[in-house]
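Listing of model_19.txt, compact mmCIF, C-alpha atoms
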```txt
# COMPACT_ATOMS: atom_id res chain seq x y z
CA MET A 1 14.25 -17.01 -10.50
CA THR A 2 16.02 -18.76 -7.64
CA ILE A 3 17.31 -16.78 -4.68
CA GLU A 4 19.83 -18.63 -2.57
CA THR A 5 22.19 -16.19 -0.87
CA LEU A 6 21.72 -12.80 0.75
CA THR A 7 23.60 -11.37 -2.25
CA ASP A 8 20.88 -12.79 -4.55
CA LEU A 9 18.18 -11.36 -2.30
CA PHE A 10 19.91 -7.97 -2.15
CA GLU A 11 20.12 -7.77 -5.96
CA HIS A 12 16.51 -8.93 -6.31
CA THR A 13 15.34 -6.21 -3.92
CA LEU A 14 17.44 -3.54 -5.67
CA LYS A 15 15.63 -4.51 -8.90
CA ASP A 16 12.30 -4.34 -7.10
CA ILE A 17 12.87 -0.79 -5.82
CA TYR A 18 14.40 0.29 -9.15
CA TYR A 19 11.18 -0.72 -10.89
CA ALA A 20 9.15 0.88 -8.08
CA GLU A 21 10.99 4.20 -8.38
CA LYS A 22 10.27 4.31 -12.10
CA GLN A 23 6.58 3.63 -11.52
CA VAL A 24 6.44 6.34 -8.86
CA ARG A 25 8.13 8.80 -11.21
CA LYS A 26 5.45 8.04 -13.80
CA ALA A 27 2.61 8.50 -11.28
CA LEU A 28 3.79 11.70 -9.56
CA PRO A 29 2.86 14.20 -12.29
CA THR A 30 -0.78 13.04 -12.05
CA LEU A 31 -0.75 13.53 -8.28
CA ALA A 32 0.81 17.00 -8.66
CA ALA A 33 -1.71 17.97 -11.34
CA ARG A 34 -4.69 16.95 -9.21
CA ALA A 35 -3.56 18.66 -5.99
CA ASP A 36 -5.42 21.85 -5.09
CA ASP A 37 -3.23 23.12 -2.23
CA GLU A 38 -0.15 24.91 -3.54
CA ALA A 39 2.18 23.51 -0.87
CA LEU A 40 1.03 19.99 -1.75
CA THR A 41 1.76 20.54 -5.46
CA GLU A 42 5.21 21.81 -4.47
CA ALA A 43 5.83 18.73 -2.30
CA PHE A 44 4.99 16.49 -5.27
CA ASP A 45 7.17 18.50 -7.65
CA TRP A 46 10.08 18.32 -5.22
CA HIS A 47 9.63 14.56 -4.81
CA LEU A 48 9.48 14.16 -8.59
CA LYS A 49 12.83 15.94 -8.92
CA GLU A 50 14.23 13.72 -6.16
CA ALA A 51 12.99 10.61 -7.99
CA ASP A 52 15.69 11.12 -10.62
CA GLY A 53 18.29 11.34 -7.86
CA LYS A 54 17.06 8.09 -6.34
CA ILE A 55 17.05 6.32 -9.69
CA GLY A 56 20.59 7.61 -10.35
CA ARG A 57 21.79 6.33 -6.97
CA LEU A 58 20.30 2.90 -7.66
CA GLU A 59 22.13 2.84 -11.01
CA SER A 60 25.35 3.64 -9.13
CA ALA A 61 24.60 0.78 -6.72
CA PHE A 62 24.21 -1.65 -9.64
CA ALA A 63 27.49 -0.30 -11.10
CA HIS A 64 29.25 -0.93 -7.75
CA LEU A 65 28.06 -4.53 -7.95
CA GLY A 66 29.22 -4.80 -11.58
CA LYS A 67 25.66 -5.55 -12.68
CA PRO A 68 23.49 -3.83 -15.29
CA ALA A 69 20.72 -1.69 -13.78
CA ALA A 70 17.48 -3.60 -14.25
CA GLY A 71 13.99 -3.54 -12.81
CA GLU A 72 11.79 -6.42 -11.78
CA THR A 73 8.01 -6.10 -11.65
CA CYS A 74 7.00 -5.22 -8.11
CA PRO A 75 3.36 -6.12 -7.39
CA ALA A 76 3.47 -4.11 -4.14
CA ILE A 77 4.12 -0.71 -5.73
CA ASP A 78 1.78 -1.58 -8.63
CA GLY A 79 -0.96 -2.24 -6.05
CA ILE A 80 -0.23 0.97 -4.13
CA ILE A 81 -0.32 3.04 -7.35
CA ASP A 82 -3.43 1.27 -8.70
CA GLU A 83 -5.18 2.05 -5.43
CA THR A 84 -4.11 5.70 -5.74
CA HIS A 85 -5.49 6.01 -9.26
CA GLU A 86 -8.75 4.29 -8.24
CA LEU A 87 -9.15 6.67 -5.31
CA ILE A 88 -8.38 9.77 -7.38
CA GLY A 89 -11.15 8.73 -9.76
CA GLU A 90 -13.69 8.44 -6.94
CA VAL A 91 -13.15 11.72 -5.07
CA THR A 92 -15.32 14.59 -6.30
CA ASP A 93 -14.37 17.45 -3.92
CA ALA A 94 -11.06 19.36 -4.23
CA ASP A 95 -10.36 19.61 -0.50
CA THR A 96 -11.19 15.95 0.12
CA LEU A 97 -9.00 15.05 -2.86
CA ASP A 98 -6.04 16.84 -1.25
CA ALA A 99 -6.52 14.74 1.89
CA ALA A 100 -6.67 11.59 -0.27
CA LEU A 101 -3.55 12.59 -2.23
CA ILE A 102 -1.57 13.16 0.99
CA ALA A 103 -2.61 9.71 2.24
CA ALA A 104 -1.75 8.06 -1.10
CA ALA A 105 1.66 9.71 -1.24
CA GLN A 106 2.40 8.65 2.33
CA ALA A 107 1.68 5.03 1.37
CA ILE A 108 4.21 5.44 -1.47
CA ALA A 109 6.76 7.05 0.88
CA HIS A 110 6.36 4.24 3.43
CA TYR A 111 7.04 1.65 0.75
CA GLY A 112 10.31 3.47 0.06
CA ILE A 113 11.13 3.73 3.77
CA THR A 114 10.69 0.00 4.36
CA ARG A 115 12.60 -1.12 1.25
CA TYR A 116 15.52 1.30 1.60
CA GLY A 117 15.68 0.53 5.34
CA THR A 118 15.99 -3.19 4.60
CA LEU A 119 18.53 -2.64 1.81
CA CYS A 120 20.73 -0.48 4.10
CA VAL A 121 20.94 -3.29 6.67
CA TRP A 122 21.72 -5.88 3.99
CA ALA A 123 24.35 -3.62 2.34
CA GLU A 124 26.08 -3.46 5.72
CA GLU A 125 25.73 -7.21 6.27
CA LEU A 126 27.33 -7.75 2.85
CA GLY A 127 30.14 -5.23 3.45
CA HIS A 128 29.02 -2.78 0.73
CA ALA A 129 29.67 0.47 2.61
CA ASP A 130 29.55 2.66 -0.54
CA ILE A 131 26.20 1.23 -1.59
CA ARG A 132 24.90 1.62 1.93
CA ASN A 133 25.70 5.36 1.80
CA LEU A 134 23.79 5.75 -1.48
CA LEU A 135 20.77 3.89 -0.09
CA GLU A 136 20.91 5.84 3.17
CA GLU A 137 20.60 9.08 1.21
CA SER A 138 17.43 7.84 -0.53
CA LEU A 139 16.04 6.51 2.78
CA SER A 140 16.55 9.91 4.33
CA HIS A 141 14.73 11.54 1.41
CA GLU A 142 11.75 9.19 1.78
CA LYS A 143 11.51 10.04 5.48
CA ASP A 144 11.63 13.78 4.68
CA PHE A 145 8.88 13.36 2.09
CA ASP A 146 6.71 11.49 4.61
CA SER A 147 7.32 14.18 7.26
CA SER A 148 6.47 17.01 4.87
CA LEU A 149 3.19 15.23 4.03
CA SER A 150 2.39 14.72 7.73
CA HIS A 151 3.03 18.42 8.19
CA LEU A 152 0.54 19.23 5.41
CA ALA A 153 -2.04 16.88 6.97
CA GLU A 154 -1.58 18.65 10.33
CA LYS A 155 -1.95 22.03 8.61
CA ARG A 156 -5.33 20.91 7.25
CA LEU A 157 -6.31 19.75 10.74
CA ASN A 158 -5.37 23.12 12.30
CA ALA A 159 -7.25 25.01 9.60
CA GLU A 160 -10.30 22.87 10.36
CA ALA A 161 -10.01 23.58 14.11
CA LYS A 162 -9.76 27.32 13.38
CA LYS A 163 -12.91 27.21 11.25
CA ALA A 164 -14.79 25.40 14.07
CA ALA A 165 -13.61 27.90 16.76
CA MET B 1 -18.42 4.72 -5.41
CA THR B 2 -18.32 8.51 -5.05
CA ILE B 3 -16.32 10.11 -2.26
CA GLU B 4 -17.24 13.70 -1.59
CA THR B 5 -16.55 14.59 2.04
CA LEU B 6 -13.78 13.72 4.46
CA THR B 7 -16.36 11.55 6.25
CA ASP B 8 -16.80 9.52 3.04
CA LEU B 9 -13.02 9.24 2.65
CA PHE B 10 -12.59 8.20 6.29
CA GLU B 11 -15.17 5.42 5.94
CA HIS B 12 -13.65 4.31 2.64
CA THR B 13 -10.19 4.07 4.24
CA LEU B 14 -11.56 2.21 7.28
CA LYS B 15 -12.99 -0.35 4.86
CA ASP B 16 -9.65 -0.53 3.05
CA ILE B 17 -7.68 -1.29 6.23
CA TYR B 18 -10.40 -3.68 7.49
CA TYR B 19 -9.98 -5.72 4.30
CA ALA B 20 -6.18 -5.39 4.58
CA GLU B 21 -6.14 -6.67 8.18
CA LYS B 22 -8.14 -9.73 7.17
CA GLN B 23 -5.74 -10.47 4.31
CA VAL B 24 -2.76 -10.08 6.63
CA ARG B 25 -4.35 -12.43 9.16
CA LYS B 26 -4.73 -15.01 6.39
CA ALA B 27 -1.09 -14.60 5.25
CA LEU B 28 0.65 -14.60 8.65
CA PRO B 29 0.45 -18.35 9.40
CA THR B 30 2.39 -19.05 6.17
CA LEU B 31 5.10 -16.56 7.18
CA ALA B 32 5.31 -18.09 10.67
CA ALA B 33 5.49 -21.62 9.26
CA ARG B 34 8.32 -20.76 6.89
CA ALA B 35 10.50 -18.88 9.41
CA ASP B 36 13.57 -20.72 10.66
CA ASP B 37 14.64 -18.43 13.51
CA GLU B 38 12.60 -19.09 16.64
CA ALA B 39 12.34 -15.41 17.63
CA LEU B 40 11.01 -14.61 14.15
CA THR B 41 8.33 -17.30 14.42
CA GLU B 42 7.37 -15.85 17.80
CA ALA B 43 7.14 -12.33 16.33
CA PHE B 44 4.77 -13.61 13.64
CA ASP B 45 2.66 -15.55 16.16
CA TRP B 46 2.38 -12.46 18.38
CA HIS B 47 1.39 -10.29 15.41
CA LEU B 48 -1.21 -12.90 14.40
CA LYS B 49 -2.76 -12.72 17.85
CA GLU B 50 -2.73 -8.91 17.65
CA ALA B 51 -4.47 -9.06 14.24
CA ASP B 52 -7.68 -10.13 15.98
CA GLY B 53 -7.37 -7.16 18.33
CA LYS B 54 -6.94 -4.78 15.39
CA ILE B 55 -9.91 -6.26 13.54
CA GLY B 56 -12.01 -5.98 16.72
CA ARG B 57 -11.02 -2.32 17.16
CA LEU B 58 -11.99 -1.56 13.55
CA GLU B 59 -15.37 -3.21 14.17
CA SER B 60 -15.79 -0.94 17.22
CA ALA B 61 -14.90 2.06 15.02
CA PHE B 62 -17.62 1.11 12.52
CA ALA B 63 -20.07 0.68 15.43
CA HIS B 64 -19.19 4.18 16.72
CA LEU B 65 -20.07 5.51 13.26
CA GLY B 66 -23.31 3.51 13.25
CA LYS B 67 -22.17 1.62 10.14
CA PRO B 68 -21.86 -2.12 9.52
CA ALA B 69 -18.22 -3.35 9.47
CA ALA B 70 -17.33 -3.98 5.84
CA GLY B 71 -14.18 -4.42 3.81
CA GLU B 72 -13.32 -3.01 0.42
CA THR B 73 -10.75 -4.66 -1.85
CA CYS B 74 -7.40 -3.00 -1.29
CA PRO B 75 -5.03 -3.49 -4.25
CA ALA B 76 -2.10 -2.17 -2.17
CA ILE B 77 -2.16 -4.91 0.47
CA ASP B 78 -2.99 -7.51 -2.19
CA GLY B 79 0.15 -6.42 -4.07
CA ILE B 80 2.31 -6.48 -0.94
CA ILE B 81 1.08 -9.98 -0.01
CA ASP B 82 1.38 -11.29 -3.59
CA GLU B 83 4.97 -10.08 -3.65
CA THR B 84 5.61 -11.83 -0.34
CA HIS B 85 4.25 -15.15 -1.62
CA GLU B 86 6.24 -14.81 -4.86
CA LEU B 87 9.42 -14.16 -2.92
CA ILE B 88 8.85 -17.03 -0.49
CA GLY B 89 8.56 -19.35 -3.48
CA GLU B 90 11.88 -18.19 -4.91
CA VAL B 91 14.16 -18.39 -1.87
CA THR B 92 15.88 -21.74 -1.42
CA ASP B 93 18.05 -21.18 1.68
CA ALA B 94 16.57 -21.09 5.22
CA ASP B 95 18.74 -18.22 6.49
CA THR B 96 18.15 -16.11 3.38
CA LEU B 97 14.44 -16.87 3.69
CA ASP B 98 14.42 -15.45 7.23
CA ALA B 99 15.94 -12.22 5.90
CA ALA B 100 13.28 -12.14 3.15
CA LEU B 101 10.47 -12.80 5.64
CA ILE B 102 11.62 -9.96 7.89
CA ALA B 103 11.64 -7.59 4.90
CA ALA B 104 8.22 -8.77 3.71
CA ALA B 105 6.70 -8.37 7.16
CA GLN B 106 8.17 -4.87 7.48
CA ALA B 107 6.48 -3.89 4.21
CA ILE B 108 3.18 -5.13 5.72
CA ALA B 109 3.84 -3.24 8.98
CA HIS B 110 4.61 -0.01 7.09
CA TYR B 111 1.33 -0.26 5.21
CA GLY B 112 -0.41 -0.41 8.58
CA ILE B 113 1.65 2.48 9.94
CA THR B 114 0.79 4.76 7.03
CA ARG B 115 -2.93 3.91 6.97
CA TYR B 116 -3.51 4.06 10.73
CA GLY B 117 -1.44 7.26 10.90
CA THR B 118 -3.68 8.88 8.27
CA LEU B 119 -6.87 7.61 9.91
CA CYS B 120 -5.81 9.01 13.32
CA VAL B 121 -5.41 12.51 11.83
CA TRP B 122 -8.74 12.30 10.03
CA ALA B 123 -10.54 10.95 13.15
CA GLU B 124 -9.28 14.04 14.98
CA GLU B 125 -10.27 16.34 12.13
CA LEU B 126 -13.76 14.80 12.22
CA GLY B 127 -14.05 15.04 16.02
CA HIS B 128 -14.16 11.25 16.61
CA ALA B 129 -11.97 11.13 19.74
CA ASP B 130 -13.08 7.59 20.71
CA ILE B 131 -12.30 6.21 17.28
CA ARG B 132 -8.97 8.00 17.28
CA ASN B 133 -8.01 6.20 20.51
CA LEU B 134 -8.85 2.83 18.97
CA LEU B 135 -6.82 3.58 15.84
CA GLU B 136 -3.93 4.95 17.89
CA GLU B 137 -3.69 1.62 19.72
CA SER B 138 -3.40 -0.27 16.42
CA LEU B 139 -0.89 2.27 15.08
CA SER B 140 1.24 1.76 18.15
CA HIS B 141 1.12 -2.01 17.63
CA GLU B 142 2.22 -1.69 14.00
CA LYS B 143 5.18 0.43 15.08
CA ASP B 144 6.13 -2.13 17.75
CA PHE B 145 5.95 -4.93 15.18
CA ASP B 146 8.19 -2.98 12.79
CA SER B 147 10.69 -2.26 15.60
CA SER B 148 10.82 -5.89 16.68
CA LEU B 149 11.55 -6.89 13.07
CA SER B 150 14.30 -4.26 12.78
CA HIS B 151 15.75 -5.67 15.99
CA LEU B 152 15.77 -9.18 14.46
CA ALA B 153 17.44 -7.83 11.30
CA GLU B 154 20.12 -6.17 13.45
CA LYS B 155 20.60 -9.42 15.38
CA ARG B 156 21.34 -11.20 12.08
CA LEU B 157 23.79 -8.44 11.19
CA ASN B 158 25.62 -8.76 14.50
CA ALA B 159 25.78 -12.54 14.19
CA GLU B 160 27.28 -12.11 10.72
CA ALA B 161 29.89 -9.65 12.06
CA LYS B 162 30.78 -12.12 14.82
CA LYS B 163 31.26 -14.93 12.27
CA ALA B 164 33.56 -12.69 10.20
CA ALA B 165 35.67 -11.62 13.24
```
Take the structure in the file and write it out as structure tokens.
Amino acid sequence: MTIETLTDLFEHTLKDIYYAEKQVRKALPTLAARADDEALTEAFDWHLKEADGKIGRLESAFAHLGKPAAGETCPAIDGIIDETHELIGEVTDADTLDAALIAAAQAIAHYGITRYGTLCVWAEELGHADIRNLLEESLSHEKDFDSSLSHLAEKRLNAEAKKAA
Amino acid sequence: MTIETLTDLFEHTLKDIYYAEKQVRKALPTLAARADDEALTEAFDWHLKEADGKIGRLESAFAHLGKPAAGETCPAIDGIIDETHELIGEVTDADTLDAALIAAAQAIAHYGITRYGTLCVWAEELGHADIRNLLEESLSHEKDFDSSLSHLAEKRLNAEAKKAA
């Protein structure tokens, strides 16, 4: 594939994140099933529900461009998810696994933050205000997911401090 | 490898980011060489110099733990860098390539942000204040790198708006 203009690059990156969202949706039930902490399972379930919203918004973005929604293999998200599955297979303790799952999910969230952030700027550069609004909504969701995971990581930390006191 | 305790997970993740930093250091000269915008080249050169600092701080963290500095293959950063090289090979226009390079480098920065962020929380949980300070310094650098790239992306956007006016 040849990418010449910013429009080409924008469409290419939409396909990249569309593929990524579908891979994340496939991976999330495993993360939710392996989590021990109830609040962590809930965070994964909520993000799984949101994944459909994000995929739907990307399909609307493709429709705005008059293009069929299509994914393109994204080695970055494949690597992030492979690493998650590898890690899950190595951790033997439930509490340590929760810490690992939070970290893995934050790596997934940060991939979303960086890609949606970039796409928002390009949508503006290209004058696609409607598409920008759709992408902004997904960006905001990714940031919320990351924050809720940071909150769970802090909760673990405080529980640990309490035990030591 | 079996990971049972948070200490095991912490060491595993230190090895992951140590490997990742070395891969990023290898990739950065290509990004710098392909950038057209002078400020973008400078941002890459500055980040390349900082890479040595981050690797050195990780080596100090291993020393604090009384462990030899060692990397462990990290499929996530491999995927992010593979995707970057693929993209670079596909873009034919210099200005579009700059936009693609900014996006690729922000994906790299966000991987650093998420990993160092996690490691800082775990260092605190494990009572390694000295290591936490080292990791915090690298986290802060990753955030600065991401911000400087966002600034360059905004600069492009403003230049585009000026052309259209």
Write out the coordinates of chain B as an mmCIF file with C-alpha atoms, keeping the file's coordinate frame after a least-squares overlay onto chain A built on all ordered Cα pairs.
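Writing the result to superposed-v1.cif gives the following:
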```cif
data_model
loop_
_atom_site.group_PDB
_atom_site.id
_atom_site.type_symbol
_atom_site.label_atom_id
_atom_site.label_comp_id
_atom_site.auth_asym_id
_atom_site.auth_seq_id
_atom_site.Cartn_x
_atom_site.Cartn_y
_atom_site.Cartn_z
ATOM 1 C CA MET B 1 14.292 -17.004 -10.528
ATOM 2 C CA THR B 2 16.044 -18.771 -7.645
ATOM 3 C CA ILE B 3 17.325 -16.784 -4.686
ATOM 4 C CA GLU B 4 19.833 -18.639 -2.576
ATOM 5 C CA THR B 5 22.190 -16.197 -0.865
ATOM 6 C CA LEU B 6 21.721 -12.812 0.748
ATOM 7 C CA THR B 7 23.611 -11.395 -2.250
ATOM 8 C CA ASP B 8 20.904 -12.805 -4.553
ATOM 9 C CA LEU B 9 18.184 -11.367 -2.305
ATOM 10 C CA PHE B 10 19.908 -7.972 -2.171
ATOM 11 C CA GLU B 11 20.120 -7.779 -5.969
ATOM 12 C CA HIS B 12 16.520 -8.943 -6.313
ATOM 13 C CA THR B 13 15.340 -6.212 -3.918
ATOM 14 C CA LEU B 14 17.439 -3.553 -5.678
ATOM 15 C CA LYS B 15 15.652 -4.509 -8.894
ATOM 16 C CA ASP B 16 12.302 -4.342 -7.102
ATOM 17 C CA ILE B 17 12.881 -0.795 -5.815
ATOM 18 C CA TYR B 18 14.413 0.298 -9.155
ATOM 19 C CA TYR B 19 11.182 -0.735 -10.890
ATOM 20 C CA ALA B 20 9.149 0.866 -8.073
ATOM 21 C CA GLU B 21 10.988 4.201 -8.379
ATOM 22 C CA LYS B 22 10.285 4.307 -12.104
ATOM 23 C CA GLN B 23 6.586 3.626 -11.520
ATOM 24 C CA VAL B 24 6.444 6.338 -8.867
ATOM 25 C CA ARG B 25 8.137 8.803 -11.214
ATOM 26 C CA LYS B 26 5.458 8.039 -13.805
ATOM 27 C CA ALA B 27 2.612 8.496 -11.273
ATOM 28 C CA LEU B 28 3.796 11.692 -9.549
ATOM 29 C CA PRO B 29 2.861 14.203 -12.285
ATOM 30 C CA THR B 30 -0.783 13.040 -12.040
ATOM 31 C CA LEU B 31 -0.757 13.539 -8.257
ATOM 32 C CA ALA B 32 0.800 17.002 -8.650
ATOM 33 C CA ALA B 33 -1.716 17.978 -11.332
ATOM 34 C CA ARG B 34 -4.691 16.958 -9.216
ATOM 35 C CA ALA B 35 -3.585 18.670 -5.979
ATOM 36 C CA ASP B 36 -5.421 21.859 -5.065
ATOM 37 C CA ASP B 37 -3.237 23.126 -2.213
ATOM 38 C CA GLU B 38 -0.163 24.917 -3.531
ATOM 39 C CA ALA B 39 2.186 23.520 -0.863
ATOM 40 C CA LEU B 40 1.027 19.999 -1.745
ATOM 41 C CA THR B 41 1.751 20.552 -5.441
ATOM 42 C CA GLU B 42 5.198 21.822 -4.463
ATOM 43 C CA ALA B 43 5.825 18.734 -2.300
ATOM 44 C CA PHE B 44 4.973 16.492 -5.256
ATOM 45 C CA ASP B 45 7.152 18.510 -7.653
ATOM 46 C CA TRP B 46 10.087 18.322 -5.223
ATOM 47 C CA HIS B 47 9.626 14.564 -4.797
ATOM 48 C CA LEU B 48 9.482 14.176 -8.595
ATOM 49 C CA LYS B 49 12.814 15.945 -8.922
ATOM 50 C CA GLU B 50 14.245 13.731 -6.164
ATOM 51 C CA ALA B 51 12.992 10.609 -7.998
ATOM 52 C CA ASP B 52 15.696 11.128 -10.624
ATOM 53 C CA GLY B 53 18.302 11.344 -7.867
ATOM 54 C CA LYS B 54 17.067 8.084 -6.338
ATOM 55 C CA ILE B 55 17.063 6.313 -9.700
ATOM 56 C CA GLY B 56 20.598 7.603 -10.365
ATOM 57 C CA ARG B 57 21.797 6.335 -6.971
ATOM 58 C CA LEU B 58 20.312 2.890 -7.664
ATOM 59 C CA GLU B 59 22.135 2.840 -11.011
ATOM 60 C CA SER B 60 25.369 3.645 -9.132
ATOM 61 C CA ALA B 61 24.599 0.776 -6.723
ATOM 62 C CA PHE B 62 24.227 -1.654 -9.641
ATOM 63 C CA ALA B 63 27.505 -0.318 -11.101
ATOM 64 C CA HIS B 64 29.271 -0.926 -7.755
ATOM 65 C CA LEU B 65 28.067 -4.535 -7.948
ATOM 66 C CA GLY B 66 29.239 -4.794 -11.562
ATOM 67 C CA LYS B 67 25.677 -5.552 -12.695
ATOM 68 C CA PRO B 68 23.518 -3.832 -15.312
ATOM 69 C CA ALA B 69 20.717 -1.686 -13.792
ATOM 70 C CA ALA B 70 17.488 -3.614 -14.261
ATOM 71 C CA GLY B 71 14.001 -3.544 -12.822
ATOM 72 C CA GLU B 72 11.797 -6.424 -11.787
ATOM 73 C CA THR B 73 8.007 -6.108 -11.654
ATOM 74 C CA CYS B 74 6.992 -5.217 -8.123
ATOM 75 C CA PRO B 75 3.349 -6.120 -7.393
ATOM 76 C CA ALA B 76 3.465 -4.111 -4.137
ATOM 77 C CA ILE B 77 4.120 -0.719 -5.731
ATOM 78 C CA ASP B 78 1.785 -1.579 -8.617
ATOM 79 C CA GLY B 79 -0.961 -2.239 -6.046
ATOM 80 C CA ILE B 80 -0.242 0.968 -4.132
ATOM 81 C CA ILE B 81 -0.315 3.046 -7.342
ATOM 82 C CA ASP B 82 -3.427 1.280 -8.690
ATOM 83 C CA GLU B 83 -5.191 2.066 -5.430
ATOM 84 C CA THR B 84 -4.112 5.696 -5.727
ATOM 85 C CA HIS B 85 -5.500 6.013 -9.260
ATOM 86 C CA GLU B 86 -8.749 4.295 -8.226
ATOM 87 C CA LEU B 87 -9.160 6.672 -5.314
ATOM 88 C CA ILE B 88 -8.381 9.771 -7.377
ATOM 89 C CA GLY B 89 -11.155 8.742 -9.755
ATOM 90 C CA GLU B 90 -13.684 8.446 -6.939
ATOM 91 C CA VAL B 91 -13.158 11.713 -5.061
ATOM 92 C CA THR B 92 -15.317 14.584 -6.278
ATOM 93 C CA ASP B 93 -14.367 17.435 -3.910
ATOM 94 C CA ALA B 94 -11.056 19.347 -4.242
ATOM 95 C CA ASP B 95 -10.364 19.604 -0.498
ATOM 96 C CA THR B 96 -11.191 15.944 0.127
ATOM 97 C CA LEU B 97 -9.000 15.045 -2.844
ATOM 98 C CA ASP B 98 -6.042 16.837 -1.236
ATOM 99 C CA ALA B 99 -6.527 14.736 1.904
ATOM 100 C CA ALA B 100 -6.675 11.588 -0.266
ATOM 101 C CA LEU B 101 -3.549 12.594 -2.203
ATOM 102 C CA ILE B 102 -1.585 13.157 1.003
ATOM 103 C CA ALA B 103 -2.603 9.696 2.243
ATOM 104 C CA ALA B 104 -1.764 8.055 -1.090
ATOM 105 C CA ALA B 105 1.641 9.716 -1.237
ATOM 106 C CA GLN B 106 2.396 8.648 2.341
ATOM 107 C CA ALA B 107 1.675 5.031 1.385
ATOM 108 C CA ILE B 108 4.211 5.438 -1.463
ATOM 109 C CA ALA B 109 6.756 7.052 0.893
ATOM 110 C CA HIS B 110 6.363 4.232 3.441
ATOM 111 C CA TYR B 111 7.042 1.639 0.763
ATOM 112 C CA GLY B 112 10.302 3.452 0.056
ATOM 113 C CA ILE B 113 11.130 3.718 3.756
ATOM 114 C CA THR B 114 10.674 -0.002 4.358
ATOM 115 C CA ARG B 115 12.588 -1.125 1.253
ATOM 116 C CA TYR B 116 15.512 1.288 1.601
ATOM 117 C CA GLY B 117 15.671 0.524 5.335
ATOM 118 C CA THR B 118 15.983 -3.205 4.585
ATOM 119 C CA LEU B 119 18.525 -2.641 1.810
ATOM 120 C CA CYS B 120 20.718 -0.485 4.101
ATOM 121 C CA VAL B 121 20.933 -3.314 6.666
ATOM 122 C CA TRP B 122 21.713 -5.892 3.997
ATOM 123 C CA ALA B 123 24.344 -3.631 2.335
ATOM 124 C CA GLU B 124 26.064 -3.464 5.726
ATOM 125 C CA GLU B 125 25.737 -7.205 6.266
ATOM 126 C CA LEU B 126 27.322 -7.747 2.837
ATOM 127 C CA GLY B 127 30.130 -5.233 3.451
ATOM 128 C CA HIS B 128 29.016 -2.779 0.719
ATOM 129 C CA ALA B 129 29.691 0.473 2.610
ATOM 130 C CA ASP B 130 29.554 2.651 -0.543
ATOM 131 C CA ILE B 131 26.215 1.233 -1.598
ATOM 132 C CA ARG B 132 24.893 1.637 1.921
ATOM 133 C CA ASN B 133 25.700 5.369 1.788
ATOM 134 C CA LEU B 134 23.796 5.740 -1.479
ATOM 135 C CA LEU B 135 20.766 3.895 -0.102
ATOM 136 C CA GLU B 136 20.907 5.838 3.159
ATOM 137 C CA GLU B 137 20.592 9.088 1.201
ATOM 138 C CA SER B 138 17.431 7.839 -0.530
ATOM 139 C CA LEU B 139 16.038 6.519 2.766
ATOM 140 C CA SER B 140 16.548 9.915 4.324
ATOM 141 C CA HIS B 141 14.710 11.546 1.415
ATOM 142 C CA GLU B 142 11.746 9.186 1.777
ATOM 143 C CA LYS B 143 11.510 10.043 5.469
ATOM 144 C CA ASP B 144 11.634 13.778 4.683
ATOM 145 C CA PHE B 145 8.872 13.362 2.099
ATOM 146 C CA ASP B 146 6.702 11.488 4.612
ATOM 147 C CA SER B 147 7.321 14.177 7.267
ATOM 148 C CA SER B 148 6.451 16.999 4.892
ATOM 149 C CA LEU B 149 3.181 15.221 4.051
ATOM 150 C CA SER B 150 2.375 14.715 7.747
ATOM 151 C CA HIS B 151 3.026 18.423 8.220
ATOM 152 C CA LEU B 152 0.537 19.235 5.426
ATOM 153 C CA ALA B 153 -2.040 16.891 6.994
ATOM 154 C CA GLU B 154 -1.582 18.661 10.343
ATOM 155 C CA LYS B 155 -1.945 22.040 8.619
ATOM 156 C CA ARG B 156 -5.340 20.917 7.269
ATOM 157 C CA LEU B 157 -6.305 19.779 10.759
ATOM 158 C CA ASN B 158 -5.370 23.122 12.295
ATOM 159 C CA ALA B 159 -7.246 25.027 9.601
ATOM 160 C CA GLU B 160 -10.307 22.890 10.335
ATOM 161 C CA ALA B 161 -10.011 23.605 14.085
ATOM 162 C CA LYS B 162 -9.753 27.331 13.340
ATOM 163 C CA LYS B 163 -12.915 27.210 11.191
ATOM 164 C CA ALA B 164 -14.788 25.434 14.008
ATOM 165 C CA ALA B 165 -13.629 27.938 16.696
#
```
Practice prompt. Write out as a PyMOL selection string each polymer residue whose atoms come within 10 Å of Ile102 of chain B, counting only C-alpha atoms; drop sequence neighbours fewer than 6 positions from it.
Written response: (chain A and resi 118) or (chain B and resi 31+35+40+43-44+108+146+148-150+152-153)
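Note that atom CA of Tyr111 of chain B and atom CA of Lys67 of chain B are 24.1 Å apart.
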Padding of 6 Å on every side, edges along x, y and z, all listed atoms of segment 129-134 of chain B included: what centre and edge lengths in Å, to one decimal, does that box have, as lines of an AutoDock Vina configuration file?
```
center_x = -10.5
center_y = 7.0
center_z = 19.0
size_x = 17.1
size_y = 20.3
size_z = 15.4
```
Practice prompt. Have a look at atom CA of Ala129 of chain A and atom CA of Leu65 of chain A and let me know their distance in Å, one decimal.
Written response: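 Atom CA of Ala129 of chain A sits 11.8 Å away from atom CA of Leu65 of chain A.
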Item to complete: Take atom CA of Lys22 of chain A and atom CA of Lys54 of chain A and report the distance between them in Å, one decimal.
Response: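 Computing it gives 9.7 Å between the two atoms.
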Discussion item. Just checking: using only C-alpha atoms, which residue out of B:Cys120, B:Ala27, B:Ala69, B:Ile131 ends up closest to Leu48 of chain B?
Written reply: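 Closest candidate: B:Ala27.
Ranking B:Thr30, B:Asn133, B:Ser147, B:Ser138 by their shortest atom-to-atom distance to Ala51 of chain B, with only C-alpha atoms included, puts B:Ser138 first.
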Fill in: Distance criterion (all atoms listed in the file): nearest to Pro68 of chain B out of B:Asp130, B:Asp37, B:Glu136, B:Glu11
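Looking only at the distances to Pro68 of chain B, the closest residue turns out to be B:Glu11.
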